[in-house]
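The structure appears right after this line, and notes come after that.
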Amino acid sequence: MSKRTYLAVAALSAGVAIAAEPDSDKIDKVEVTATRAATAVDVQQVPAAITVLKPDSLTRYGQGNLTDIANLVPAMSVQEQGPGVNNITMRGLVVRGIVPSEVQDSSLVAVYVDDMPVTLKSGNPDLKVLDLERVEVLQGPQGTLFGAGAMAGAVRQITQKPELNDFFGSVEAVGSQTSKFGGANHNLRGMVNVPLKDDVAALRLTAYTGNDSGYIRNQYNGATTNAVSTNQGRVALRIKASPDLVIDASVTASNTKGGINDAYGGLAPFTTFALIPQTSNDSLQLYNLGVNYDLGGAQLVSSTSYVHRDTLYVTSAQYPATAFIFGGQDPLMKAAYTIGNAVKDFAQEFRLSSKGDGPFKWTAGAFFEAGKRDTRQDEPTEGFDARFAATHNFPGYNSQTNELAFNPDDFFSGQQNTRSRQAALFAEGTYTLWDKLDLTAGLRLFRGTQDFDLRFTGLFGNLVGATPAAPVGQPELSTSSATSRGGNPRFAAAYHVDADHTLYTSVGKGFRYGGNNQPVPFNFCGINAPSTFAPDSLWNFEAGSKNTLLDHRLTFNASAYLIEWKDVQVFNKLPCTYYFTQNAGKIRSEGLELETAFKITRRASVGVSAAYNHAYATRTVVTGIAAQNIPEDSRVPYAPRLAATVNASYYVPVRGVDELGFLASYSHRGSAYTNFAAAQGSYEEIPSSNTLNATVTYRSGAYEFGLFGTNLTNGAKVSDVTANTIPIQPGNLVYMVRPRTVGLRVKARF
């Protein structure tokens, strides 16, 4: 295995990952498969905004999850509340934060492992075992090739495939220490490639196990609350059945147990107050079968995937339970708000792509997906029945008997079952004129159906028929089915001035399915909420330039975009804790993205990228609730206006054959807010962050040693905020970033 050094440059217009030999003074060409063509293509020739990250740019800092990726991609932001509890934002296309119980909120950013979709809004999986070749981040709508879930963009994690003839592997151990209330962290990662038959079959096995200390202190008992334990494994099989037929099969399994990264703004930093343990459990299995068949003039690809995921989140709800039912009077109730999801999803894609050097290149395919998601919620609360009986003069009150809750002492029980299926046909073609001008047109036609049923019971689930004088109502039942259909076109033109300079422009449409609202009890909340909401869509207009200069030592890329988003699915969070979604108003997002990477010398590299985004409501949005109306020109929530990243590396030869490397990255994210305007309420600032990471590595033969530090200045503190609406609660819920962590890494290859 050759000595390669990687510097990931987070470029927003056409991101380039530098993968240059220390003895070379040129930036290596980076190829991607984002175009779904038969073969990989040079990212500098693609008329789209793509960021490419090499895995070493993360693992050398002991990192690798979606938040770490986002720190290197200024157009991408991630709100994170705990392991696997996250929300991805691109180009300011966002109107709400994380709501784990909202099963109808469709994702705006698609997440893929190879050709396998694994997206789940507010809960994208945290996979550290994937043995990645690269990460491709596609900004802007990708609806033509990737479907309705990619309205704002897509994140593609491309894995290494088994090599048929060589036996090799690696082992990597990491130990570190987190400051503040944190402690010791450790993880172990291993990979082995095993040929089964030369030129015919091979296995690639990977495994990861790790424990990350908690760093949030529970004032109630002095314990740290958010430690994470992760165990993951992956088996990949490649069979070359004939010179023209290659079969790839993989199984990935993950189990992550942890806590929630929340603290209270009214307490000391990194401090929470919870009467019960707050936990999360995420069990995931991914199965994929890929078939590649060379037909001579075209390449046929089939991808069959199945996802099975079970999650369970338990948070302490002592404040809402006490405030809403017992007027905030002591004692606080030990209430456990639990949200469990059982997700199963099957996806099949067939894709046919042209081969050859002719002027016309095309890709066409069909996609089918069927899935179900069963969400179960309840709030078991110690001593609830007896206290409610005494407070409301209701002798013998029992949540299960009187309110049909799942269990006694359970004031809310909810079941939401969703069954969905979608089918699509897509095609995209590019015709080259005069060997310089590429004209591209594409279209995706799709149809999706969703069946939804809901049953709410318990005191808070039966509120539909209740009044303050007679709090006991009837169970809430809701059943519906909806079908949406449409088309996502895309057009692009790329003019290749020469081999090193490209100008491009593109126009593309994004689309997202509609859904069904949870019922909102009028007698309790004072609002008649719509039962459903319709699809929303947008158009993205983009122009850019990609340039390679100074004899391939410098790249400079720039792009500008304008996005018009209509029938926006606006989120309305009510003071009574219920919420609903409605289609209301238009949002415009304008932005500029710049990137440069420079190979200063054979051993020194630097990369700078930046993004400016201004996303806002183009007119006043009337929601039917005066306090929830969105003022004209108000800025979208959760989207920083300015973001930038700087990466630098320098390598020094030692004794002629060894190598000493110095690498650092600095990322800035501007501040954002949790709602459109202060008048709406639930409007709090998510402060700006400045993340400094650095590492020193020493490589000698098959061994590599590293000393690293992340968030060295503690300039990143808060990843998300949930505004407080409960008087007895000690401030906002503030979700904290892991503070300064310093560690050692040892890797051995064989």
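Just so we're on the same page: first chain in the structure tokens is A, next is B, and so on; residues restart at 1 for each chain, and ligands are numbered from 1 in the order they show up.
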Close residues, Gly358 (chain A) itself excluded, 12 Å, only C-alpha atoms, min 5 positions apart in chain, as a PDB file with N, CA, C and O atoms, in the first residue's frame:
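Generated file (part.pdb):
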ATOM      1  N   GLY A 297     -22.139  -2.066 -24.826  1.00  0.00           N
ATOM      2  CA  GLY A 297     -22.408  -0.658 -25.085  1.00  0.00           C
ATOM      3  C   GLY A 297     -23.017   0.062 -23.902  1.00  0.00           C
ATOM      4  O   GLY A 297     -23.185   1.283 -23.939  1.00  0.00           O
ATOM      5  N   THR A 430     -26.519  13.546 -21.610  1.00  0.00           N
ATOM      6  CA  THR A 430     -25.619  14.661 -21.909  1.00  0.00           C
ATOM      7  C   THR A 430     -25.106  14.531 -23.333  1.00  0.00           C
ATOM      8  O   THR A 430     -24.603  13.459 -23.735  1.00  0.00           O
ATOM      9  N   TYR A 431     -25.234  15.610 -24.103  1.00  0.00           N
ATOM     10  CA  TYR A 431     -24.736  15.630 -25.479  1.00  0.00           C
ATOM     11  C   TYR A 431     -23.629  16.679 -25.576  1.00  0.00           C
ATOM     12  O   TYR A 431     -23.788  17.819 -25.121  1.00  0.00           O
ATOM     13  N   THR A 432     -22.509  16.276 -26.168  1.00  0.00           N
ATOM     14  CA  THR A 432     -21.344  17.153 -26.281  1.00  0.00           C
ATOM     15  C   THR A 432     -21.253  17.732 -27.685  1.00  0.00           C
ATOM     16  O   THR A 432     -21.245  16.998 -28.681  1.00  0.00           O
ATOM     17  N   LEU A 433     -21.175  19.064 -27.763  1.00  0.00           N
ATOM     18  CA  LEU A 433     -21.025  19.782 -29.026  1.00  0.00           C
ATOM     19  C   LEU A 433     -19.627  20.370 -29.112  1.00  0.00           C
ATOM     20  O   LEU A 433     -19.140  20.975 -28.134  1.00  0.00           O
ATOM     21  N   ASP A 435     -16.810  19.314 -28.836  1.00  0.00           N
ATOM     22  CA  ASP A 435     -15.858  18.827 -27.820  1.00  0.00           C
ATOM     23  C   ASP A 435     -15.670  19.807 -26.668  1.00  0.00           C
ATOM     24  O   ASP A 435     -14.725  19.667 -25.880  1.00  0.00           O
TER      25      ASP A 435
END
*Find the spatial neighbours of Thr483 (chain A), counting only C-alpha atoms, within a cut-off of 12 Å - ignore same-chain residues fewer than 4 positions away - and output them as a list in words.*
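That gives Arg419, Ser420, Arg421, Gln422, Ala423, Phe446, Arg447, Gly448, Thr449, Gln450, Asp451, Phe452, Tyr513, Gly514, Gly515, Asn516, Thr532, Phe533, Ala534 and Pro535 of chain A.
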*Which is closer to Gly123 (chain A) than all the others in A:Leu312, A:Val721, A:Ala274, A:Ile686, using only C-alpha atoms?*
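Among the listed residues, A:Leu312 lies closest to Gly123 (chain A).
Summary of the local environment: counting only C-alpha atoms, residues at most 7 Å from region 498-507 of chain A, other than itself and those fewer than 4 positions away along its chain, are Gln45, Pro47, Arg490, Phe491, Ala492, Ala493, Ala494, Asn540, Phe541, Glu542, Ala543, Gly544, Ser545, Lys546, Asn547 and Thr548 of chain A.
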Would you write out those residues with all heavy atoms, as a compact mmCIF listing (two decimals), in the first residue's frame?
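Writing done, so here's part_16.txt:
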# COMPACT_ATOMS: atom_id res chain seq x y z
N GLN A 45 -15.07 18.23 -13.71
CA GLN A 45 -15.79 18.28 -14.97
C GLN A 45 -17.30 18.17 -14.78
O GLN A 45 -18.05 18.22 -15.75
CB GLN A 45 -15.31 17.15 -15.89
CG GLN A 45 -13.82 17.14 -16.15
CD GLN A 45 -13.33 18.41 -16.81
OE1 GLN A 45 -13.95 18.91 -17.75
NE2 GLN A 45 -12.21 18.94 -16.33
N PRO A 47 -20.91 19.50 -13.81
CA PRO A 47 -21.58 20.79 -13.63
C PRO A 47 -22.53 20.78 -12.44
O PRO A 47 -23.74 20.90 -12.57
CB PRO A 47 -22.32 20.97 -14.95
CG PRO A 47 -22.64 19.58 -15.39
CD PRO A 47 -21.48 18.74 -14.95
N ARG A 490 -34.27 18.45 -14.67
CA ARG A 490 -32.99 19.12 -14.44
C ARG A 490 -32.36 19.42 -15.78
O ARG A 490 -32.39 18.59 -16.71
CB ARG A 490 -32.05 18.25 -13.61
CG ARG A 490 -30.67 18.87 -13.38
CD ARG A 490 -29.78 18.00 -12.51
NE ARG A 490 -28.47 18.58 -12.35
CZ ARG A 490 -27.41 18.32 -13.12
NH1 ARG A 490 -27.55 17.46 -14.14
NH2 ARG A 490 -26.25 18.88 -12.90
N PHE A 491 -31.76 20.62 -15.89
CA PHE A 491 -31.07 21.03 -17.10
C PHE A 491 -29.73 21.65 -16.69
O PHE A 491 -29.64 22.36 -15.69
CB PHE A 491 -31.89 22.06 -17.88
CG PHE A 491 -33.29 21.61 -18.18
CD1 PHE A 491 -34.35 21.96 -17.35
CD2 PHE A 491 -33.56 20.82 -19.29
CE1 PHE A 491 -35.63 21.55 -17.61
CE2 PHE A 491 -34.85 20.40 -19.57
CZ PHE A 491 -35.89 20.76 -18.72
N ALA A 492 -28.70 21.36 -17.48
CA ALA A 492 -27.38 21.92 -17.18
C ALA A 492 -26.61 22.12 -18.47
O ALA A 492 -26.81 21.40 -19.46
CB ALA A 492 -26.61 21.00 -16.24
N ALA A 493 -25.72 23.08 -18.43
CA ALA A 493 -24.81 23.33 -19.55
C ALA A 493 -23.43 23.59 -18.97
O ALA A 493 -23.28 24.36 -18.01
CB ALA A 493 -25.26 24.52 -20.38
N ALA A 494 -22.43 22.92 -19.53
CA ALA A 494 -21.05 23.09 -19.08
C ALA A 494 -20.18 23.40 -20.29
O ALA A 494 -20.17 22.64 -21.27
CB ALA A 494 -20.56 21.84 -18.37
N ASN A 540 -34.00 25.31 -8.18
CA ASN A 540 -32.65 25.76 -7.87
C ASN A 540 -31.98 26.25 -9.15
O ASN A 540 -31.89 25.52 -10.14
CB ASN A 540 -31.84 24.60 -7.28
CG ASN A 540 -30.41 25.00 -6.97
OD1 ASN A 540 -30.11 25.60 -5.95
ND2 ASN A 540 -29.48 24.63 -7.86
N PHE A 541 -31.54 27.52 -9.16
CA PHE A 541 -30.83 28.12 -10.30
C PHE A 541 -29.38 28.36 -9.86
O PHE A 541 -29.14 29.02 -8.84
CB PHE A 541 -31.48 29.44 -10.70
CG PHE A 541 -32.95 29.31 -11.00
CD1 PHE A 541 -33.90 29.47 -9.99
CD2 PHE A 541 -33.40 29.02 -12.28
CE1 PHE A 541 -35.26 29.36 -10.25
CE2 PHE A 541 -34.76 28.91 -12.55
CZ PHE A 541 -35.69 29.07 -11.54
N GLU A 542 -28.45 27.85 -10.63
CA GLU A 542 -27.06 27.86 -10.18
C GLU A 542 -26.13 28.15 -11.35
O GLU A 542 -26.35 27.72 -12.48
CB GLU A 542 -26.72 26.50 -9.57
CG GLU A 542 -25.34 26.40 -8.95
CD GLU A 542 -25.15 25.09 -8.20
OE1 GLU A 542 -26.17 24.51 -7.75
OE2 GLU A 542 -24.00 24.65 -8.08
N ALA A 543 -25.05 28.87 -11.06
CA ALA A 543 -23.99 29.12 -12.03
C ALA A 543 -22.66 29.02 -11.31
O ALA A 543 -22.53 29.44 -10.15
CB ALA A 543 -24.14 30.49 -12.67
N GLY A 544 -21.66 28.44 -12.00
CA GLY A 544 -20.39 28.25 -11.33
C GLY A 544 -19.23 28.14 -12.29
O GLY A 544 -19.39 28.06 -13.52
N SER A 545 -18.05 28.12 -11.69
CA SER A 545 -16.81 28.01 -12.44
C SER A 545 -15.87 27.10 -11.68
O SER A 545 -15.73 27.21 -10.46
CB SER A 545 -16.18 29.39 -12.62
OG SER A 545 -14.89 29.29 -13.20
N LYS A 546 -15.22 26.17 -12.41
CA LYS A 546 -14.24 25.26 -11.82
C LYS A 546 -12.92 25.43 -12.57
O LYS A 546 -12.89 25.33 -13.80
CB LYS A 546 -14.73 23.82 -11.91
CG LYS A 546 -16.04 23.58 -11.18
CD LYS A 546 -16.43 22.12 -11.21
CE LYS A 546 -17.71 21.88 -10.43
NZ LYS A 546 -18.08 20.45 -10.36
N ASN A 547 -11.86 25.64 -11.79
CA ASN A 547 -10.60 26.01 -12.42
C ASN A 547 -9.42 25.30 -11.75
O ASN A 547 -9.36 25.21 -10.52
CB ASN A 547 -10.37 27.52 -12.31
CG ASN A 547 -11.54 28.32 -12.86
OD1 ASN A 547 -11.63 28.54 -14.06
ND2 ASN A 547 -12.45 28.73 -11.98
N THR A 548 -8.51 24.81 -12.58
CA THR A 548 -7.25 24.25 -12.11
C THR A 548 -6.13 25.10 -12.69
O THR A 548 -6.04 25.30 -13.91
CB THR A 548 -7.10 22.79 -12.57
OG1 THR A 548 -8.22 22.04 -12.11
CG2 THR A 548 -5.82 22.19 -12.01
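The smallest atom-to-atom distance between Ala317 (chain A) and any of A:Ser719, A:Gln680, A:Gln729, A:Asn193, using only C-alpha atoms, is found for A:Gln729.
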_What parts of region 512-543 of chain A does DSSP call alpha helix (DSSP H)? I'd like the answer as a list of chain:residue names._
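Checking each residue of region 512-543 of chain A, the alpha helix (DSSP H) ones are A:Phe522, A:Asn523, A:Phe524, A:Cys525.
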So that I can check the surroundings of region 664-668 of chain A, please list as a PDB file with N, CA and C atoms, in the first residue's frame every protein, DNA and RNA residue that reaches within 9 Å of it, counting only C-alpha atoms and ignoring chain neighbours fewer than 4 positions away.
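Contents of the output file out-v1.pdb:
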ATOM      1  N   ASN A  71     -18.567  19.707   9.576  1.00  0.00           N
ATOM      2  CA  ASN A  71     -17.577  20.720   9.928  1.00  0.00           C
ATOM      3  C   ASN A  71     -16.634  21.024   8.776  1.00  0.00           C
ATOM      4  N   LEU A  72     -16.521  20.102   7.807  1.00  0.00           N
ATOM      5  CA  LEU A  72     -15.662  20.320   6.657  1.00  0.00           C
ATOM      6  C   LEU A  72     -16.431  20.775   5.424  1.00  0.00           C
ATOM      7  N   PRO A  74     -18.967  23.744   4.520  1.00  0.00           N
ATOM      8  CA  PRO A  74     -19.661  24.933   5.010  1.00  0.00           C
ATOM      9  C   PRO A  74     -21.127  25.047   4.608  1.00  0.00           C
ATOM     10  N   LEU A 642     -23.061  32.583   7.547  1.00  0.00           N
ATOM     11  CA  LEU A 642     -21.693  32.492   7.063  1.00  0.00           C
ATOM     12  C   LEU A 642     -21.009  31.283   7.675  1.00  0.00           C
ATOM     13  N   ALA A 643     -20.303  30.533   6.858  1.00  0.00           N
ATOM     14  CA  ALA A 643     -19.523  29.394   7.334  1.00  0.00           C
ATOM     15  C   ALA A 643     -18.241  29.313   6.523  1.00  0.00           C
ATOM     16  N   ALA A 644     -17.164  28.868   7.164  1.00  0.00           N
ATOM     17  CA  ALA A 644     -15.881  28.778   6.473  1.00  0.00           C
ATOM     18  C   ALA A 644     -15.031  27.692   7.114  1.00  0.00           C
ATOM     19  N   THR A 645     -14.140  27.127   6.321  1.00  0.00           N
ATOM     20  CA  THR A 645     -13.235  26.077   6.786  1.00  0.00           C
ATOM     21  C   THR A 645     -11.857  26.306   6.178  1.00  0.00           C
ATOM     22  N   VAL A 646     -10.832  26.112   6.999  1.00  0.00           N
ATOM     23  CA  VAL A 646      -9.443  26.185   6.552  1.00  0.00           C
ATOM     24  C   VAL A 646      -8.750  24.891   6.961  1.00  0.00           C
ATOM     25  N   ASN A 647      -8.032  24.266   6.022  1.00  0.00           N
ATOM     26  CA  ASN A 647      -7.257  23.067   6.297  1.00  0.00           C
ATOM     27  C   ASN A 647      -5.826  23.303   5.871  1.00  0.00           C
ATOM     28  N   ALA A 648      -4.886  22.745   6.617  1.00  0.00           N
ATOM     29  CA  ALA A 648      -3.481  22.877   6.249  1.00  0.00           C
ATOM     30  C   ALA A 648      -2.737  21.613   6.647  1.00  0.00           C
ATOM     31  N   SER A 649      -1.722  21.263   5.853  1.00  0.00           N
ATOM     32  CA  SER A 649      -0.892  20.102   6.190  1.00  0.00           C
ATOM     33  C   SER A 649       0.537  20.357   5.759  1.00  0.00           C
ATOM     34  N   SER A 688     -22.688  31.095  17.512  1.00  0.00           N
ATOM     35  CA  SER A 688     -21.676  30.722  16.525  1.00  0.00           C
ATOM     36  C   SER A 688     -20.661  29.783  17.160  1.00  0.00           C
ATOM     37  N   SER A 689     -19.963  29.046  16.314  1.00  0.00           N
ATOM     38  CA  SER A 689     -18.968  28.101  16.818  1.00  0.00           C
ATOM     39  C   SER A 689     -17.683  28.239  16.021  1.00  0.00           C
ATOM     40  N   ASN A 690     -16.575  27.926  16.688  1.00  0.00           N
ATOM     41  CA  ASN A 690     -15.259  27.931  16.069  1.00  0.00           C
ATOM     42  C   ASN A 690     -14.538  26.668  16.522  1.00  0.00           C
ATOM     43  N   THR A 691     -14.317  25.754  15.602  1.00  0.00           N
ATOM     44  CA  THR A 691     -13.761  24.453  15.940  1.00  0.00           C
ATOM     45  C   THR A 691     -12.350  24.334  15.400  1.00  0.00           C
ATOM     46  N   LEU A 692     -11.402  24.121  16.296  1.00  0.00           N
ATOM     47  CA  LEU A 692     -10.005  23.939  15.923  1.00  0.00           C
ATOM     48  C   LEU A 692      -9.583  22.514  16.251  1.00  0.00           C
ATOM     49  N   ASN A 693      -9.150  21.782  15.231  1.00  0.00           N
ATOM     50  CA  ASN A 693      -8.615  20.433  15.391  1.00  0.00           C
ATOM     51  C   ASN A 693      -7.184  20.408  14.880  1.00  0.00           C
ATOM     52  N   ALA A 694      -6.342  19.596  15.505  1.00  0.00           N
ATOM     53  CA  ALA A 694      -4.956  19.485  15.062  1.00  0.00           C
ATOM     54  C   ALA A 694      -4.433  18.092  15.370  1.00  0.00           C
ATOM     55  N   THR A 695      -3.468  17.647  14.564  1.00  0.00           N
ATOM     56  CA  THR A 695      -2.858  16.348  14.801  1.00  0.00           C
ATOM     57  C   THR A 695      -1.420  16.347  14.302  1.00  0.00           C
ATOM     58  N   VAL A 696      -0.599  15.572  14.996  1.00  0.00           N
ATOM     59  CA  VAL A 696       0.771  15.301  14.574  1.00  0.00           C
ATOM     60  C   VAL A 696       0.869  13.801  14.350  1.00  0.00           C
ATOM     61  N   ALA A 716     -16.511  25.522  20.118  1.00  0.00           N
ATOM     62  CA  ALA A 716     -17.819  24.964  19.757  1.00  0.00           C
ATOM     63  C   ALA A 716     -18.451  24.420  21.029  1.00  0.00           C
TER      64      ALA A 716
END
*Pick from A:Ser122, A:Asn398, A:Thr271, A:Ser537 nearest to Gly486 (chain A), counting only C-alpha atoms*: A:Ser537
Closest atom pairs, residues of region 99-157 of chain A within 12 Å of region 586-595 of chain A, only C-alpha atoms, as CSV:
residue,atom,partner,partner_atom,distance
A:Gln139,CA,A:Glu593,CA,10.6
A:Gly140,CA,A:Ser589,CA,10.9
A:Ala152,CA,A:Ser589,CA,11.1
Output N, CA, C and O atoms for every residue in the selection just made, as a PDB file, in the first residue's frame.
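Final output, saved to part_7.pdb:
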ATOM      1  N   GLN A 139     -24.608  19.328  -3.081  1.00  0.00           N
ATOM      2  CA  GLN A 139     -25.437  20.444  -2.638  1.00  0.00           C
ATOM      3  C   GLN A 139     -26.477  20.805  -3.695  1.00  0.00           C
ATOM      4  O   GLN A 139     -26.203  20.731  -4.891  1.00  0.00           O
ATOM      5  N   GLY A 140     -27.642  21.209  -3.217  1.00  0.00           N
ATOM      6  CA  GLY A 140     -28.725  21.554  -4.123  1.00  0.00           C
ATOM      7  C   GLY A 140     -29.585  20.343  -4.436  1.00  0.00           C
ATOM      8  O   GLY A 140     -29.221  19.198  -4.128  1.00  0.00           O
ATOM      9  N   ALA A 152     -32.839  19.116  -0.837  1.00  0.00           N
ATOM     10  CA  ALA A 152     -31.787  20.092  -0.538  1.00  0.00           C
ATOM     11  C   ALA A 152     -30.402  19.574  -0.872  1.00  0.00           C
ATOM     12  O   ALA A 152     -29.461  20.359  -0.980  1.00  0.00           O
TER      13      ALA A 152
END
*Quote the spacing between CA of Asp282 (chain A) and CA of Asp126 (chain A) in Å to one decimal place.*
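Result for CA of Asp282 (chain A) versus CA of Asp126 (chain A): 9.3 Å, one decimal.
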*asked:* Taking only C-alpha atoms into account, name the residue in A:Ala639, A:Leu196, A:Ile69, A:Ile600 that is nearest to His614 (chain A).
replied: A:Ala639
*Please, what distance in Å, to one decimal, runs between CA of Phe411 (chain A) and CA of Tyr735 (chain A)?*
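Pair CA of Phe411 (chain A) / CA of Tyr735 (chain A) returns 26.6 Å.
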*Using the chain letters and numbers from this document, which residues of region 448-505 of chain A does DSSP assign to strand (DSSP E), as a VMD selection string?*
chain A and resid 448 to 457 476 to 498 501 to 505
*asked:* I want to know what sits within 10 Å of Asn221 (chain A), based on only C-alpha atoms, with residues of the same chain fewer than 4 positions away left out; could you give that as an MDAnalysis selection string?
replied: chainID A and resid 217 273:276
Selection above as a file: N, CA, C and O atoms, as an mmCIF file, in the first residue's frame:
data_model
loop_
_atom_site.group_PDB
_atom_site.id
_atom_site.type_symbol
_atom_site.label_atom_id
_atom_site.label_comp_id
_atom_site.auth_asym_id
_atom_site.auth_seq_id
_atom_site.Cartn_x
_atom_site.Cartn_y
_atom_site.Cartn_z
ATOM 1 N N ARG A 217 -23.198 16.666 33.283
ATOM 2 C CA ARG A 217 -23.359 16.254 34.685
ATOM 3 C C ARG A 217 -24.798 16.449 35.120
ATOM 4 O O ARG A 217 -25.395 17.494 34.880
ATOM 5 N N PHE A 273 -30.623 18.391 34.849
ATOM 6 C CA PHE A 273 -31.332 17.914 36.042
ATOM 7 C C PHE A 273 -32.365 16.910 35.564
ATOM 8 O O PHE A 273 -33.308 17.266 34.849
ATOM 9 N N ALA A 274 -32.162 15.648 35.913
ATOM 10 C CA ALA A 274 -33.045 14.584 35.451
ATOM 11 C C ALA A 274 -33.284 13.601 36.590
ATOM 12 O O ALA A 274 -32.332 13.080 37.185
ATOM 13 N N LEU A 275 -34.552 13.363 36.896
ATOM 14 C CA LEU A 275 -34.909 12.454 37.985
ATOM 15 C C LEU A 275 -34.740 10.993 37.594
ATOM 16 O O LEU A 275 -34.734 10.117 38.460
ATOM 17 N N ILE A 276 -34.644 10.733 36.285
ATOM 18 C CA ILE A 276 -34.461 9.369 35.800
ATOM 19 C C ILE A 276 -33.302 9.354 34.810
ATOM 20 O O ILE A 276 -32.941 10.399 34.263
#
For region 568-570 of chain A, please output as a short mmCIF file (atom, residue, chain, number, x, y, z; two decimals) with all heavy atoms, in the first residue's frame all residues within 6 Å (counting only C-alpha atoms; exclusion window: fewer than 5 positions along the same chain).
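Dumped everything to out.cif:
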data_model
loop_
_atom_site.label_atom_id
_atom_site.label_comp_id
_atom_site.auth_asym_id
_atom_site.auth_seq_id
_atom_site.Cartn_x
_atom_site.Cartn_y
_atom_site.Cartn_z
N ASP A 536 -44.44 20.01 -1.01
CA ASP A 536 -43.82 21.28 -1.36
C ASP A 536 -42.72 21.02 -2.38
O ASP A 536 -42.29 19.88 -2.59
CB ASP A 536 -43.30 22.04 -0.14
CG ASP A 536 -42.34 21.23 0.71
OD1 ASP A 536 -42.03 20.08 0.35
OD2 ASP A 536 -41.88 21.75 1.76
N THR A 581 -48.27 20.81 11.02
CA THR A 581 -47.61 21.32 9.82
C THR A 581 -48.66 21.79 8.83
O THR A 581 -49.71 21.17 8.69
CB THR A 581 -46.75 20.21 9.18
OG1 THR A 581 -45.73 19.83 10.10
CG2 THR A 581 -46.10 20.68 7.89
N GLN A 582 -48.38 22.90 8.16
CA GLN A 582 -49.27 23.38 7.12
C GLN A 582 -48.44 23.97 5.97
O GLN A 582 -47.28 24.35 6.17
CB GLN A 582 -50.23 24.44 7.65
CG GLN A 582 -49.57 25.76 8.01
CD GLN A 582 -50.55 26.77 8.54
OE1 GLN A 582 -50.58 27.07 9.72
NE2 GLN A 582 -51.37 27.33 7.64
N ASN A 583 -49.02 24.00 4.79
CA ASN A 583 -48.38 24.63 3.65
C ASN A 583 -48.67 26.12 3.67
O ASN A 583 -49.83 26.52 3.64
CB ASN A 583 -48.89 24.02 2.35
CG ASN A 583 -48.61 22.54 2.25
OD1 ASN A 583 -49.43 21.73 2.65
ND2 ASN A 583 -47.45 22.18 1.72
N ALA A 584 -47.62 26.90 3.77
CA ALA A 584 -47.83 28.34 3.89
C ALA A 584 -46.60 29.09 3.39
O ALA A 584 -45.50 28.88 3.87
CB ALA A 584 -48.10 28.72 5.36
#
*Identify, on the basis of only C-alpha atoms, every residue whose closest approach to Ser353 (chain A) does not exceed 7 Å; exclude the query and any residue fewer than 6 positions from it along the same chain; express the result as number ranges by chain.*
A: 37-38, 298-300, 362-364
*Hey, can you check how far CA of Gly706 (chain A) sits from CA of Gln177 (chain A)?*
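CA of Gln177 (chain A) lies 14.4 Å from CA of Gly706 (chain A).
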Give me the region 643-730 of chain A side of the contact with region 321-343 of chain A, cut-off 12 Å, one line per residue showing its nearest atom pair and distance in Å at one decimal, counting only C-alpha atoms, sorted by chain and residue number, as a Markdown table.
| residue | atom | partner | partner_atom | distance |
| --- | --- | --- | --- | --- |
| A:Thr725 | CA | A:Ala323 | CA | 10.3 |
| A:Ile726 | CA | A:Ala323 | CA | 7.0 |
| A:Pro727 | CA | A:Ala323 | CA | 7.9 |
| A:Ile728 | CA | A:Gly328 | CA | 6.4 |
| A:Gln729 | CA | A:Ala323 | CA | 9.0 |
